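> Provided below: query_16.cif, containing mmCIF, C-alpha atoms.
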data_query
loop_
_atom_site.group_PDB
_atom_site.id
_atom_site.type_symbol
_atom_site.label_atom_id
_atom_site.label_comp_id
_atom_site.auth_asym_id
_atom_site.auth_seq_id
_atom_site.Cartn_x
_atom_site.Cartn_y
_atom_site.Cartn_z
ATOM 1 C CA MET A 1163 121.276 80.138 106.212
ATOM 2 C CA PRO A 1164 118.319 77.850 105.555
ATOM 3 C CA LYS A 1165 117.575 77.056 101.920
ATOM 4 C CA PHE A 1166 113.991 78.360 102.183
ATOM 5 C CA LEU A 1167 115.361 81.912 102.692
ATOM 6 C CA GLU A 1168 117.538 81.850 99.568
ATOM 7 C CA GLY A 1169 116.853 84.537 96.975
ATOM 8 C CA GLY A 1170 113.857 86.758 97.515
ATOM 9 C CA GLY A 1171 115.489 90.065 96.648
ATOM 10 C CA GLU A 1172 115.753 92.769 99.295
ATOM 11 C CA MET A 1173 113.295 91.110 101.703
ATOM 12 C CA GLY A 1174 115.072 87.782 101.415
ATOM 13 C CA GLN A 1175 118.337 89.513 102.309
ATOM 14 C CA ILE A 1176 116.730 91.344 105.241
ATOM 15 C CA MET A 1177 115.241 88.066 106.534
ATOM 16 C CA ARG A 1178 118.587 86.300 106.232
ATOM 17 C CA ASN A 1179 120.345 89.087 108.143
ATOM 18 C CA MET A 1180 117.747 89.444 110.902
ATOM 19 C CA ASP A 1181 118.519 88.075 114.369
ATOM 20 C CA TRP A 1182 115.382 85.990 114.779
ATOM 21 C CA THR A 1183 116.483 84.803 118.218
ATOM 22 C CA THR A 1184 115.272 88.174 119.551
ATOM 23 C CA THR A 1185 111.722 87.199 118.532
ATOM 24 C CA PRO A 1186 109.434 84.434 119.817
ATOM 25 C CA LEU A 1187 109.855 82.763 116.419
ATOM 26 C CA GLY A 1188 113.437 81.745 117.215
ATOM 27 C CA GLN A 1189 115.913 80.370 114.689
ATOM 28 C CA PRO A 1190 114.505 79.982 111.154
ATOM 29 C CA GLU A 1191 115.846 76.419 111.047
ATOM 30 C CA ASP A 1192 113.364 75.563 113.822
ATOM 31 C CA TRP A 1193 110.284 77.169 112.259
ATOM 32 C CA PRO A 1194 107.368 74.915 111.285
ATOM 33 C CA LEU A 1195 107.665 73.406 107.818
ATOM 34 C CA SER A 1196 104.451 75.139 106.762
ATOM 35 C CA LEU A 1197 105.909 78.580 107.647
ATOM 36 C CA LYS A 1198 109.145 77.775 105.803
ATOM 37 C CA PHE A 1199 107.175 76.739 102.719
ATOM 38 C CA ALA A 1200 104.909 79.814 102.870
ATOM 39 C CA ILE A 1201 107.865 82.204 103.207
ATOM 40 C CA SER A 1202 109.826 80.493 100.446
ATOM 41 C CA THR A 1203 106.814 80.780 98.133
ATOM 42 C CA MET A 1204 106.140 84.374 99.176
ATOM 43 C CA LEU A 1205 109.748 85.436 98.515
ATOM 44 C CA LYS A 1206 109.690 83.957 95.015
ATOM 45 C CA THR A 1207 106.401 85.428 93.790
ATOM 46 C CA LYS A 1208 106.091 88.739 91.961
ATOM 47 C CA PHE A 1209 102.608 89.235 93.446
ATOM 48 C CA PRO A 1210 102.412 91.442 96.569
ATOM 49 C CA ASN A 1211 102.209 89.029 99.470
ATOM 50 C CA PHE A 1212 101.990 89.481 103.229
ATOM 51 C CA ILE A 1213 101.866 86.732 105.837
ATOM 52 C CA PHE A 1214 100.413 87.093 109.319
ATOM 53 C CA TRP A 1215 101.749 84.108 111.296
ATOM 54 C CA GLY A 1216 100.592 82.701 114.607
ATOM 55 C CA GLU A 1217 98.220 83.818 117.330
ATOM 56 C CA ASP A 1218 99.808 87.255 117.499
ATOM 57 C CA PHE A 1219 99.950 87.506 113.696
ATOM 58 C CA ARG A 1220 103.694 88.038 113.159
ATOM 59 C CA CYS A 1221 104.396 90.047 109.975
ATOM 60 C CA PHE A 1222 106.275 88.911 106.865
ATOM 61 C CA TYR A 1223 106.148 90.393 103.359
ATOM 62 C CA ASN A 1224 107.914 90.228 100.012
ATOM 63 C CA ASP A 1225 109.559 92.715 97.643
ATOM 64 C CA ALA A 1226 106.384 93.073 95.592
ATOM 65 C CA TYR A 1227 104.494 94.200 98.716
ATOM 66 C CA ARG A 1228 107.279 96.583 99.746
ATOM 67 C CA PRO A 1229 106.086 99.605 97.632
ATOM 68 C CA SER A 1230 102.751 99.455 99.472
ATOM 69 C CA LEU A 1231 104.599 100.529 102.612
ATOM 70 C CA GLY A 1232 105.718 103.776 100.978
ATOM 71 C CA ILE A 1233 109.049 105.535 101.265
ATOM 72 C CA ASP A 1234 108.835 106.713 104.842
ATOM 73 C CA GLY A 1235 106.637 104.064 106.424
ATOM 74 C CA LYS A 1236 106.902 100.720 108.158
ATOM 75 C CA HIS A 1237 109.541 99.004 106.000
ATOM 76 C CA HIS A 1238 111.351 96.952 107.421
ATOM 77 C CA SER A 1239 110.594 97.651 111.072
ATOM 78 C CA ILE A 1240 107.418 95.536 111.032
ATOM 79 C CA LEU A 1241 109.173 92.333 109.936
ATOM 80 C CA GLY A 1242 108.518 89.719 112.630
ATOM 81 C CA GLN A 1243 106.481 92.217 114.669
ATOM 82 C CA LYS A 1244 103.012 91.535 116.113
ATOM 83 C CA ALA A 1245 100.336 92.852 113.741
ATOM 84 C CA LYS A 1246 98.606 94.802 116.512
ATOM 85 C CA GLU A 1247 101.840 96.753 117.089
ATOM 86 C CA ALA A 1248 102.757 97.008 113.400
ATOM 87 C CA TRP A 1249 99.325 98.186 112.226
ATOM 88 C CA PRO A 1250 97.678 100.180 115.059
ATOM 89 C CA GLU A 1251 95.944 102.506 112.581
ATOM 90 C CA ILE A 1252 94.098 99.620 110.876
ATOM 91 C CA TRP A 1253 93.937 97.039 113.678
ATOM 92 C CA ASP A 1254 90.219 97.636 114.340
ATOM 93 C CA THR A 1255 89.538 96.932 110.659
ATOM 94 C CA ILE A 1256 91.785 93.918 110.035
ATOM 95 C CA HIS A 1257 91.603 92.127 113.387
ATOM 96 C CA PRO A 1258 87.973 90.956 112.985
ATOM 97 C CA LEU A 1259 88.849 89.593 109.533
ATOM 98 C CA LEU A 1260 91.969 87.817 110.795
ATOM 99 C CA LYS A 1261 90.028 86.447 113.757
ATOM 100 C CA GLN A 1262 87.309 85.158 111.415
ATOM 101 C CA VAL A 1263 89.851 83.222 109.354
ATOM 102 C CA TRP A 1264 91.560 81.982 112.534
ATOM 103 C CA GLU A 1265 88.296 80.640 113.937
ATOM 104 C CA THR A 1266 86.664 79.271 110.779
ATOM 105 C CA GLY A 1267 89.421 78.658 108.218
ATOM 106 C CA GLU A 1268 87.224 80.411 105.652
ATOM 107 C CA ALA A 1269 88.858 83.014 103.410
ATOM 108 C CA THR A 1270 87.728 86.633 103.382
ATOM 109 C CA ARG A 1271 87.625 89.140 100.561
ATOM 110 C CA SER A 1272 87.231 92.904 100.826
ATOM 111 C CA GLU A 1273 86.784 95.069 97.746
ATOM 112 C CA ASN A 1274 87.617 98.756 97.554
ATOM 113 C CA GLN A 1275 87.835 99.017 101.342
ATOM 114 C CA LEU A 1276 88.971 102.426 102.572
ATOM 115 C CA ILE A 1277 91.994 101.823 104.796
ATOM 116 C CA PRO A 1278 93.895 104.604 106.637
ATOM 117 C CA PHE A 1279 97.438 103.432 105.941
ATOM 118 C CA PHE A 1280 100.591 104.915 107.488
ATOM 119 C CA ARG A 1281 103.239 105.449 104.828
ATOM 120 C CA ASN A 1282 105.319 108.280 103.390
ATOM 121 C CA GLY A 1283 105.459 109.785 106.867
ATOM 122 C CA LYS A 1284 101.698 110.237 107.267
ATOM 123 C CA ILE A 1285 98.327 108.501 107.229
ATOM 124 C CA GLU A 1286 97.078 108.073 103.663
ATOM 125 C CA ASN A 1287 93.526 106.987 102.893
ATOM 126 C CA ILE A 1288 93.811 104.181 100.360
ATOM 127 C CA TYR A 1289 91.200 101.934 98.786
ATOM 128 C CA TRP A 1290 92.334 98.311 98.951
ATOM 129 C CA THR A 1291 91.034 95.073 97.548
ATOM 130 C CA PHE A 1292 92.433 92.236 99.646
ATOM 131 C CA SER A 1293 91.858 88.718 100.850
ATOM 132 C CA TYR A 1294 92.881 86.720 103.925
ATOM 133 C CA SER A 1295 93.157 82.958 103.663
ATOM 134 C CA SER A 1296 94.392 80.273 106.025
ATOM 135 C CA LEU A 1297 97.659 78.424 106.182
ATOM 136 C CA ILE A 1298 97.661 75.305 108.330
ATOM 137 C CA ASN A 1299 100.493 74.970 110.827
ATOM 138 C CA ASP A 1300 101.960 71.479 110.624
ATOM 139 C CA ARG A 1301 102.613 71.544 114.379
ATOM 140 C CA SER A 1302 99.039 72.069 115.598
ATOM 141 C CA GLU A 1303 95.378 72.105 114.674
ATOM 142 C CA ASN A 1304 95.249 75.912 114.770
ATOM 143 C CA ARG A 1305 94.863 77.941 111.616
ATOM 144 C CA TRP A 1306 97.374 80.591 110.642
ATOM 145 C CA TYR A 1307 97.046 83.261 107.983
ATOM 146 C CA THR A 1308 98.340 84.600 104.793
ATOM 147 C CA ASN A 1309 97.152 87.851 103.330
ATOM 148 C CA HIS A 1310 97.293 88.616 99.624
ATOM 149 C CA MET A 1311 96.749 92.335 99.077
ATOM 150 C CA HIS A 1312 96.212 94.299 95.946
ATOM 151 C CA GLY A 1313 96.082 98.039 96.307
ATOM 152 C CA ASN A 1314 93.768 100.242 94.355
ATOM 153 C CA TYR A 1315 95.377 103.679 94.414
#
Can you dump the structure from the file as structure tokens?


Amino acid sequence: MPKFLEGGGEMGQIMRNMDWTTTPLGQPEDWPLSLKFAISTMLKTKFPNFIFWGEDFRCFYNDAYRPSLGIDGKHHSILGQKAKEAWPEIWDTIHPLLKQVWETGEATRSENQLIPFFRNGKIENIYWTFSYSSLINDRSENRWYTNHMHGNY
């Protein structure tokens, strides 16, 4: 397994065990260096971190973000999934923000935003403070995203 996926607790283990060839991302060894670096950093931090990667915003997250998904929610089914499919209940809220970062490269910040979040087997209304910021793909001029979320419960 690639060195950038070493460690990372439960999510690192899940990423190492996932058959990435069933996704458009392909083998982790072939991922762009910038994605490898971002995932390695994300897996090692204790801060809740979520990455949306590429034009269809493929989902990655770390152990610190995992509790945000609740007990009976999206964990780990959204890993590598398109954001629009993973987050249908909040897509109309987050897509304009993601698109803004994609088009401008400028970070966003939302404070105490009410987000209807599916977790624990139901939609829960949660106030979130979160930010989207760009990651640059080393293989193109396009911008790609990372999302650092902090939940206010």

> Report, in Å with one decimal, the straight-line distance from CA of Tyr1294 (chain A) to CA of Pro1250 (chain A).

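Distance reported for this atom pair: 18.1 Å.
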
> Using the file's own x, y and z axes, what box holds all listed atoms of region 1189-1197 of chain A with 6 Å on each side, keeping edges along x, y and z, and what are its centre and edge lengths in Å to one decimal, as AutoDock Vina command-line options?


--center_x 110.2 --center_y 76.9 --center_z 110.7 --size_x 23.5 --size_y 19.0 --size_z 19.9

> For this file, the PyMOL selection byres ((chain A and resi 1208-1225) around 10) selects which residues, as a compact mmCIF listing (two decimals) with C-alpha atoms, keeping the file's coordinate frame?


# COMPACT_ATOMS: atom_id res chain seq x y z
CA GLY A 1170 113.86 86.76 97.52
CA GLY A 1171 115.49 90.06 96.65
CA GLU A 1172 115.75 92.77 99.30
CA MET A 1173 113.30 91.11 101.70
CA GLY A 1174 115.07 87.78 101.42
CA MET A 1177 115.24 88.07 106.53
CA THR A 1185 111.72 87.20 118.53
CA PRO A 1186 109.43 84.43 119.82
CA LEU A 1187 109.86 82.76 116.42
CA LEU A 1197 105.91 78.58 107.65
CA ALA A 1200 104.91 79.81 102.87
CA ILE A 1201 107.86 82.20 103.21
CA SER A 1202 109.83 80.49 100.45
CA THR A 1203 106.81 80.78 98.13
CA MET A 1204 106.14 84.37 99.18
CA LEU A 1205 109.75 85.44 98.52
CA LYS A 1206 109.69 83.96 95.02
CA THR A 1207 106.40 85.43 93.79
CA ALA A 1226 106.38 93.07 95.59
CA TYR A 1227 104.49 94.20 98.72
CA ARG A 1228 107.28 96.58 99.75
CA PRO A 1229 106.09 99.60 97.63
CA SER A 1230 102.75 99.46 99.47
CA HIS A 1237 109.54 99.00 106.00
CA HIS A 1238 111.35 96.95 107.42
CA SER A 1239 110.59 97.65 111.07
CA ILE A 1240 107.42 95.54 111.03
CA LEU A 1241 109.17 92.33 109.94
CA GLY A 1242 108.52 89.72 112.63
CA GLN A 1243 106.48 92.22 114.67
CA LYS A 1244 103.01 91.54 116.11
CA ALA A 1245 100.34 92.85 113.74
CA LYS A 1246 98.61 94.80 116.51
CA GLU A 1247 101.84 96.75 117.09
CA ALA A 1248 102.76 97.01 113.40
CA TRP A 1249 99.32 98.19 112.23
CA HIS A 1257 91.60 92.13 113.39
CA LEU A 1260 91.97 87.82 110.80
CA LYS A 1261 90.03 86.45 113.76
CA TRP A 1264 91.56 81.98 112.53
CA TYR A 1294 92.88 86.72 103.92
CA SER A 1295 93.16 82.96 103.66
CA SER A 1296 94.39 80.27 106.02
CA LEU A 1297 97.66 78.42 106.18
CA ASN A 1299 100.49 74.97 110.83
CA ASN A 1304 95.25 75.91 114.77
CA ARG A 1305 94.86 77.94 111.62
CA TRP A 1306 97.37 80.59 110.64
CA TYR A 1307 97.05 83.26 107.98
CA THR A 1308 98.34 84.60 104.79
CA ASN A 1309 97.15 87.85 103.33
CA HIS A 1310 97.29 88.62 99.62
CA MET A 1311 96.75 92.34 99.08
CA HIS A 1312 96.21 94.30 95.95
CA GLY A 1313 96.08 98.04 96.31

> In Å, with one decimal, what is the gap from CA of Val1263 (chain A) to CA of Gln1275 (chain A)?

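Distance between the two atoms: 17.8 Å.
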
> With only C-alpha atoms as the basis for distance, which of A:Ile1176, A:Ile1233, A:Ile1256, A:Leu1195 is at the shortest distance from Arg1271 (chain A)?

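Checking each of A:Ile1176, A:Ile1233, A:Ile1256, A:Leu1195 against Arg1271 (chain A), counting only C-alpha atoms, the winner is A:Ile1256.
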
> For the file shown, report as an MDAnalysis selection string the outcome of the PyMOL selection byres ((chain A and resi 1279) around 12) at residue level.

chainID A and resid 1230:1232 1234:1236 1248:1253 1255:1256 1275:1278 1280:1290 1313 1315

> Rounded to one decimal, what separation in Å do you get between CA of Phe1199 (chain A) and CA of Arg1178 (chain A)?

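Distance between the two atoms: 15.3 Å.
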